[in-house]
Every structure is written in C-alpha cells, then in structure tokens.
Amino acid sequence: GIDLDQVRSGGPEAGRLVKAVKEQVRAVPGDGLGYELLRYLNPETGPVLEAAPAAQIGFNYLGRFTAGSGEGSARPWQLAGETAIGGSADPDTPAAHVLSAGAVVRDTPDGPELTVSLSWPGRLFDEGDVEELGRAWLRMLEGLAAHTADPVAGGHTPSDFPLLDLAQDELDEFENGFTEENF
C-alpha cells in the first residue's frame with residue numbers, strides 16, 4: 001500500500017515505509033537473537049521453524065568505519081569485505097540465499113560512502129538482472145535519504161509507546177493535533 005515512486009522521490013511515503021519497516025523489525029522477538037538455537041538445536045521448536053518459509057535474500061551490514069589513509073595494513077572492514085563478501089568460498093558450497101547483499105559505510109574525508117556487494121548463484125540470475133536490482137535498491141535508498149532532510153520527517157510508531165495500545169493512524173492523528181500553532 002506504499003507508493004514506491006514517491007519513496008524514490010523522497011516524499012511522505014518514504015516516512016511511511018520507514019515506520020512500517022521499523023515496526024516489523026521491532027516485532028521480531030529478541031531482535032532475532034536465538035533463532036539458530038531454536039531452529040537447529042531445540043527439538044520442540046526446530047520442526048516448527050523448519051516448516052516456515054526460508055529467507056531468499058540475506059543481508060549483512062558490516063558496520064560503519066573510518067576510512068584508512070590507503071597506506072599500511074588493512075583495516076578490519078577491508079578484510080571482511082574481501083573475504084566474507086568477496087567470493088572466497090568454495091564454489092561447491094550450497095548458497096544460503098538466492099541473493100546475498102553485504103553493505104559497509106566508510107567515513108571518508110569527502111563524507112560517508114556506502115559500498116554494497118551482491119552475490120548470487122550464477123545459474124539463477126545473470127549479472128544484468130542483479131545489477132538492475134542493485135540500482136533499484138540504491139534509488140530507493142537515495143529517496144529515503146532525501147526524505148530525512150524534510151523538516152516533517154520522523155515521528156513515532158506504536159512500538160515507541162509499549163504501555164499504550166495505539167495504532168499508527170491514531171498516533172499520527174494525536175501528533176498532528178500538537179503543532180506549533182496550538183501552543
């Protein structure tokens with residue numbers, strides 16, 4: 001129900017998308033920690049989780065690091081990018097996901113720089129399709145970033161108020177009632 005063209009342009013729908021994703025992430029118990037234990041080591045929960053759909057896209061955010069001077073030894077993010085994302089795995093290793101995305105942000109003298117790496121089993125996609133997907137993802141991220149410059153960007157979601165039983169539309173109505181004009 002979100003207008004993705006408006007998200008790409010940084011419009012109000014970008015804020016709706018951020019809020020929806022925020023609520024989805026906060027709904028995952030314990031931030032997802034313990035899933036592997038419950039899935040593979042617990043005889044009661046393992047079969048239930050095995051029957052659930054598996055994620056087809058894996059995402060690994062490696063973090064944000066200060067860029068090095070380019071001289072001397074490699075930084076941890078450089079090693080992680082070259083080995084964890086770069087393709088050092090045995091080609092016969094089964095793919096954990098149909099598409100894997102890795103991202104790292106480097107703080108450079110010119111400002112933050114996002115690097116995204118995509119990998120996939122070669123028999124499933126051709127490079128052009130994955131490049132198109134990657135460019136579409138970057139356009140979406142550009143729209144989300146542009147939205148943050150809007151003075152009306154932000155706001156609360158129901159999970160910000162765990163002691164209240166509020167829906168997003170009720171919260172939006174409440175927040176809209178408290179503008180500077182009312183004070």
# chains A, B, ... in the order shown; residues from 1 in each chain; ligands from 1
call {"tool": "residues_around", "arguments": {"residues": "Thr108 (chain A)", "least_positions_apart": "2", "cutoff": "10 Å", "atoms": "only C-alpha atoms", "output": "number ranges by chain"}}
result
A: 65-69, 105-106, 110-113
call {"tool": "write_last_selection", "arguments": {"atoms": "all heavy atoms", "output": "PDB file, in the first residue's frame"}}
result
ATOM      1  N   PHE A  65      32.817   2.465   9.390  1.00  0.00           N
ATOM      2  CA  PHE A  65      34.222   2.548   9.767  1.00  0.00           C
ATOM      3  C   PHE A  65      34.858   3.802   9.194  1.00  0.00           C
ATOM      4  O   PHE A  65      34.428   4.307   8.161  1.00  0.00           O
ATOM      5  CB  PHE A  65      34.988   1.322   9.237  1.00  0.00           C
ATOM      6  CG  PHE A  65      34.428   0.020   9.706  1.00  0.00           C
ATOM      7  CD1 PHE A  65      33.472  -0.652   8.960  1.00  0.00           C
ATOM      8  CD2 PHE A  65      34.828  -0.530  10.902  1.00  0.00           C
ATOM      9  CE1 PHE A  65      32.943  -1.847   9.392  1.00  0.00           C
ATOM     10  CE2 PHE A  65      34.311  -1.730  11.347  1.00  0.00           C
ATOM     11  CZ  PHE A  65      33.360  -2.393  10.585  1.00  0.00           C
ATOM     12  N   THR A  66      35.909   4.256   9.857  1.00  0.00           N
ATOM     13  CA  THR A  66      36.699   5.352   9.342  1.00  0.00           C
ATOM     14  C   THR A  66      37.605   4.810   8.255  1.00  0.00           C
ATOM     15  O   THR A  66      38.257   3.790   8.432  1.00  0.00           O
ATOM     16  CB  THR A  66      37.549   5.979  10.472  1.00  0.00           C
ATOM     17  OG1 THR A  66      36.665   6.404  11.502  1.00  0.00           O
ATOM     18  CG2 THR A  66      38.355   7.154   9.961  1.00  0.00           C
ATOM     19  N   ALA A  67      37.633   5.496   7.129  1.00  0.00           N
ATOM     20  CA  ALA A  67      38.480   5.055   6.015  1.00  0.00           C
ATOM     21  C   ALA A  67      39.939   5.274   6.384  1.00  0.00           C
ATOM     22  O   ALA A  67      40.301   6.268   6.998  1.00  0.00           O
ATOM     23  CB  ALA A  67      38.136   5.833   4.753  1.00  0.00           C
ATOM     24  N   GLY A  68      40.770   4.321   6.014  1.00  0.00           N
ATOM     25  CA  GLY A  68      42.201   4.428   6.263  1.00  0.00           C
ATOM     26  C   GLY A  68      42.858   5.380   5.285  1.00  0.00           C
ATOM     27  O   GLY A  68      42.233   5.891   4.355  1.00  0.00           O
ATOM     28  N   SER A  69      44.128   5.606   5.474  1.00  0.00           N
ATOM     29  CA  SER A  69      44.876   6.511   4.612  1.00  0.00           C
ATOM     30  C   SER A  69      45.241   5.857   3.291  1.00  0.00           C
ATOM     31  O   SER A  69      45.744   6.512   2.395  1.00  0.00           O
ATOM     32  CB  SER A  69      46.152   6.954   5.333  1.00  0.00           C
ATOM     33  OG  SER A  69      46.991   5.828   5.539  1.00  0.00           O
ATOM     34  N   VAL A 105      29.641   1.075   5.442  1.00  0.00           N
ATOM     35  CA  VAL A 105      29.762   2.523   5.288  1.00  0.00           C
ATOM     36  C   VAL A 105      31.146   2.922   5.768  1.00  0.00           C
ATOM     37  O   VAL A 105      31.573   2.535   6.853  1.00  0.00           O
ATOM     38  CB  VAL A 105      28.677   3.278   6.100  1.00  0.00           C
ATOM     39  CG1 VAL A 105      28.900   4.784   6.030  1.00  0.00           C
ATOM     40  CG2 VAL A 105      27.291   2.914   5.594  1.00  0.00           C
ATOM     41  N   ARG A 106      31.836   3.674   4.925  1.00  0.00           N
ATOM     42  CA  ARG A 106      33.163   4.193   5.284  1.00  0.00           C
ATOM     43  C   ARG A 106      33.060   5.699   5.420  1.00  0.00           C
ATOM     44  O   ARG A 106      32.508   6.369   4.546  1.00  0.00           O
ATOM     45  CB  ARG A 106      34.192   3.862   4.201  1.00  0.00           C
ATOM     46  CG  ARG A 106      34.473   2.399   4.061  1.00  0.00           C
ATOM     47  CD  ARG A 106      35.553   2.090   3.037  1.00  0.00           C
ATOM     48  NE  ARG A 106      35.420   2.883   1.828  1.00  0.00           N
ATOM     49  CZ  ARG A 106      36.442   3.500   1.223  1.00  0.00           C
ATOM     50  NH1 ARG A 106      37.652   3.418   1.699  1.00  0.00           N
ATOM     51  NH2 ARG A 106      36.238   4.196   0.123  1.00  0.00           N
ATOM     52  N   ASP A 110      35.590  12.999   2.228  1.00  0.00           N
ATOM     53  CA  ASP A 110      34.514  13.615   1.449  1.00  0.00           C
ATOM     54  C   ASP A 110      33.125  13.296   1.989  1.00  0.00           C
ATOM     55  O   ASP A 110      32.126  13.681   1.397  1.00  0.00           O
ATOM     56  CB  ASP A 110      34.601  13.160  -0.011  1.00  0.00           C
ATOM     57  CG  ASP A 110      35.877  13.619  -0.680  1.00  0.00           C
ATOM     58  OD1 ASP A 110      36.368  14.716  -0.343  1.00  0.00           O
ATOM     59  OD2 ASP A 110      36.399  12.869  -1.526  1.00  0.00           O
ATOM     60  N   GLY A 111      33.058  12.586   3.100  1.00  0.00           N
ATOM     61  CA  GLY A 111      31.774  12.215   3.687  1.00  0.00           C
ATOM     62  C   GLY A 111      31.576  10.711   3.676  1.00  0.00           C
ATOM     63  O   GLY A 111      32.408   9.963   3.159  1.00  0.00           O
ATOM     64  N   PRO A 112      30.457  10.233   4.238  1.00  0.00           N
ATOM     65  CA  PRO A 112      30.205   8.795   4.295  1.00  0.00           C
ATOM     66  C   PRO A 112      30.046   8.209   2.894  1.00  0.00           C
ATOM     67  O   PRO A 112      29.475   8.844   2.002  1.00  0.00           O
ATOM     68  CB  PRO A 112      28.901   8.671   5.070  1.00  0.00           C
ATOM     69  CG  PRO A 112      28.611  10.003   5.628  1.00  0.00           C
ATOM     70  CD  PRO A 112      29.403  11.011   4.872  1.00  0.00           C
ATOM     71  N   GLU A 113      30.554   6.995   2.726  1.00  0.00           N
ATOM     72  CA  GLU A 113      30.464   6.298   1.444  1.00  0.00           C
ATOM     73  C   GLU A 113      29.909   4.901   1.687  1.00  0.00           C
ATOM     74  O   GLU A 113      30.459   4.134   2.462  1.00  0.00           O
ATOM     75  CB  GLU A 113      31.860   6.208   0.838  1.00  0.00           C
ATOM     76  CG  GLU A 113      31.919   5.513  -0.494  1.00  0.00           C
ATOM     77  CD  GLU A 113      33.342   5.455  -1.008  1.00  0.00           C
ATOM     78  OE1 GLU A 113      33.885   6.509  -1.389  1.00  0.00           O
ATOM     79  OE2 GLU A 113      33.922   4.341  -0.997  1.00  0.00           O
TER      80      GLU A 113
END
call {"tool": "residues_around", "arguments": {"residues": "Phe174 (chain A)", "least_positions_apart": "4", "cutoff": "12 Å", "atoms": "only C-alpha atoms", "output": "ChimeraX atom specification"}}
result
/A:155-158,166-170,178-179
call {"tool": "closest_residue", "arguments": {"among": "A:Pro53, A:Gly63, A:Gly34, A:Gly11", "to": "Asp107 (chain A)", "atoms": "only C-alpha atoms"}}
result
A:Gly63
call {"tool": "residues_around", "arguments": {"residues": "His97 (chain A)", "least_positions_apart": "3", "cutoff": "7 Å", "atoms": "only C-alpha atoms", "output": "PyMOL selection string"}}
result
chain A and resi 55-58+100
call {"tool": "select_by_dssp", "arguments": {"residues": "chain A", "states": "strand (DSSP E or B)", "output": "PyMOL selection string"}}
result
chain A and resi 57-66+99-108+111-119
call {"tool": "closest_residue", "arguments": {"among": "A:Asp172, A:Pro109, A:Asp92, A:Phe125", "to": "Gly154 (chain A)", "atoms": "only C-alpha atoms"}}
result
A:Asp172
call {"tool": "closest_residue", "arguments": {"among": "A:Ala136, A:Leu62, A:Ile2, A:Leu171", "to": "Ala14 (chain A)", "atoms": "only C-alpha atoms"}}
result
A:Ile2
call {"tool": "closest_residue", "arguments": {"among": "A:Asn176, A:Leu38, A:Arg8, A:Glu13", "to": "Trp137 (chain A)", "atoms": "only C-alpha atoms"}}
result
A:Arg8
call {"tool": "select_by_dssp", "arguments": {"residues": "region 10-133 of chain A", "states": "alpha helix (DSSP H)", "output": "MDAnalysis selection string"}}
result
chainID A and resid 12:26 35:40 46:51 76:80 127:133
call {"tool": "residues_around", "arguments": {"residues": "Tyr40 (chain A)", "least_positions_apart": "6", "cutoff": "10 Å", "atoms": "only C-alpha atoms", "output": "VMD selection string"}}
result
chain A and resid 46 to 47 49 to 50
call {"tool": "write_last_selection", "arguments": {"atoms": "N, CA and C atoms", "output": "CSV table (one decimal), in the first residue's frame"}}
result
chain,number,residue,atom,x,y,z
A,46,GLY,N,12.4,-26.6,16.6
A,46,GLY,CA,13.0,-26.9,15.3
A,46,GLY,C,12.1,-27.2,14.2
A,47,PRO,N,11.2,-28.2,14.4
A,47,PRO,CA,10.3,-28.6,13.3
A,47,PRO,C,9.3,-27.5,12.9
A,49,LEU,N,10.0,-24.2,13.0
A,49,LEU,CA,10.7,-23.2,12.3
A,49,LEU,C,11.2,-23.8,10.9
A,50,GLU,N,11.4,-25.1,10.8
A,50,GLU,CA,11.8,-25.7,9.6
A,50,GLU,C,10.7,-25.6,8.6
call {"tool": "atom_distance", "arguments": {"atom1": "CA of Arg64 (chain A)", "atom2": "CA of Val104 (chain A)"}}
result
6.0 Å
call {"tool": "residues_around", "arguments": {"residues": "Leu133 (chain A)", "least_positions_apart": "6", "cutoff": "12 Å", "atoms": "only C-alpha atoms", "output": "PyMOL selection string"}}
result
chain A and resi 99+101+116-119+125-127+139-140
call {"tool": "write_last_selection", "arguments": {"atoms": "N, CA and C atoms", "output": "PDB file, in the first residue's frame"}}
result
ATOM      1  N   LEU A  99      19.950 -14.609  -3.086  1.00  0.00           N
ATOM      2  CA  LEU A  99      20.726 -13.386  -3.279  1.00  0.00           C
ATOM      3  C   LEU A  99      21.275 -12.965  -1.927  1.00  0.00           C
ATOM      4  N   ALA A 101      23.329  -9.850   0.073  1.00  0.00           N
ATOM      5  CA  ALA A 101      23.737  -8.447  -0.004  1.00  0.00           C
ATOM      6  C   ALA A 101      24.595  -8.124   1.210  1.00  0.00           C
ATOM      7  N   VAL A 116      28.021  -1.438  -1.467  1.00  0.00           N
ATOM      8  CA  VAL A 116      27.107  -2.573  -1.451  1.00  0.00           C
ATOM      9  C   VAL A 116      27.674  -3.647  -2.374  1.00  0.00           C
ATOM     10  N   SER A 117      27.683  -4.882  -1.885  1.00  0.00           N
ATOM     11  CA  SER A 117      28.117  -6.012  -2.697  1.00  0.00           C
ATOM     12  C   SER A 117      26.980  -7.019  -2.766  1.00  0.00           C
ATOM     13  N   LEU A 118      26.692  -7.491  -3.965  1.00  0.00           N
ATOM     14  CA  LEU A 118      25.662  -8.504  -4.161  1.00  0.00           C
ATOM     15  C   LEU A 118      26.316  -9.763  -4.699  1.00  0.00           C
ATOM     16  N   SER A 119      25.874 -10.916  -4.205  1.00  0.00           N
ATOM     17  CA  SER A 119      26.358 -12.185  -4.737  1.00  0.00           C
ATOM     18  C   SER A 119      25.170 -13.128  -4.897  1.00  0.00           C
ATOM     19  N   PHE A 125      20.606 -16.161 -11.797  1.00  0.00           N
ATOM     20  CA  PHE A 125      20.427 -14.819 -12.349  1.00  0.00           C
ATOM     21  C   PHE A 125      21.599 -14.495 -13.252  1.00  0.00           C
ATOM     22  N   ASP A 126      21.353 -13.605 -14.195  1.00  0.00           N
ATOM     23  CA  ASP A 126      22.506 -13.107 -14.939  1.00  0.00           C
ATOM     24  C   ASP A 126      22.901 -11.763 -14.326  1.00  0.00           C
ATOM     25  N   GLU A 127      24.088 -11.333 -14.611  1.00  0.00           N
ATOM     26  CA  GLU A 127      24.648 -10.133 -13.987  1.00  0.00           C
ATOM     27  C   GLU A 127      23.789  -8.895 -14.257  1.00  0.00           C
ATOM     28  N   ARG A 139      18.372   3.488  -5.706  1.00  0.00           N
ATOM     29  CA  ARG A 139      17.417   4.589  -5.928  1.00  0.00           C
ATOM     30  C   ARG A 139      16.453   4.707  -4.744  1.00  0.00           C
ATOM     31  N   MET A 140      16.046   3.557  -4.213  1.00  0.00           N
ATOM     32  CA  MET A 140      15.151   3.573  -3.052  1.00  0.00           C
ATOM     33  C   MET A 140      15.869   4.174  -1.841  1.00  0.00           C
TER      34      MET A 140
END
call {"tool": "atom_distance", "arguments": {"atom1": "CA of Ala51 (chain A)", "atom2": "CA of Arg39 (chain A)"}}
result
10.1 Å
call {"tool": "closest_residue", "arguments": {"among": "A:Gly1, A:Gly177, A:Gly134, A:Gly32", "to": "Arg16 (chain A)", "atoms": "only C-alpha atoms"}}
result
A:Gly1
call {"tool": "closest_residue", "arguments": {"among": "A:Gly143, A:Val7, A:Pro43, A:Ser159", "to": "Val25 (chain A)", "atoms": "only C-alpha atoms"}}
result
A:Ser159
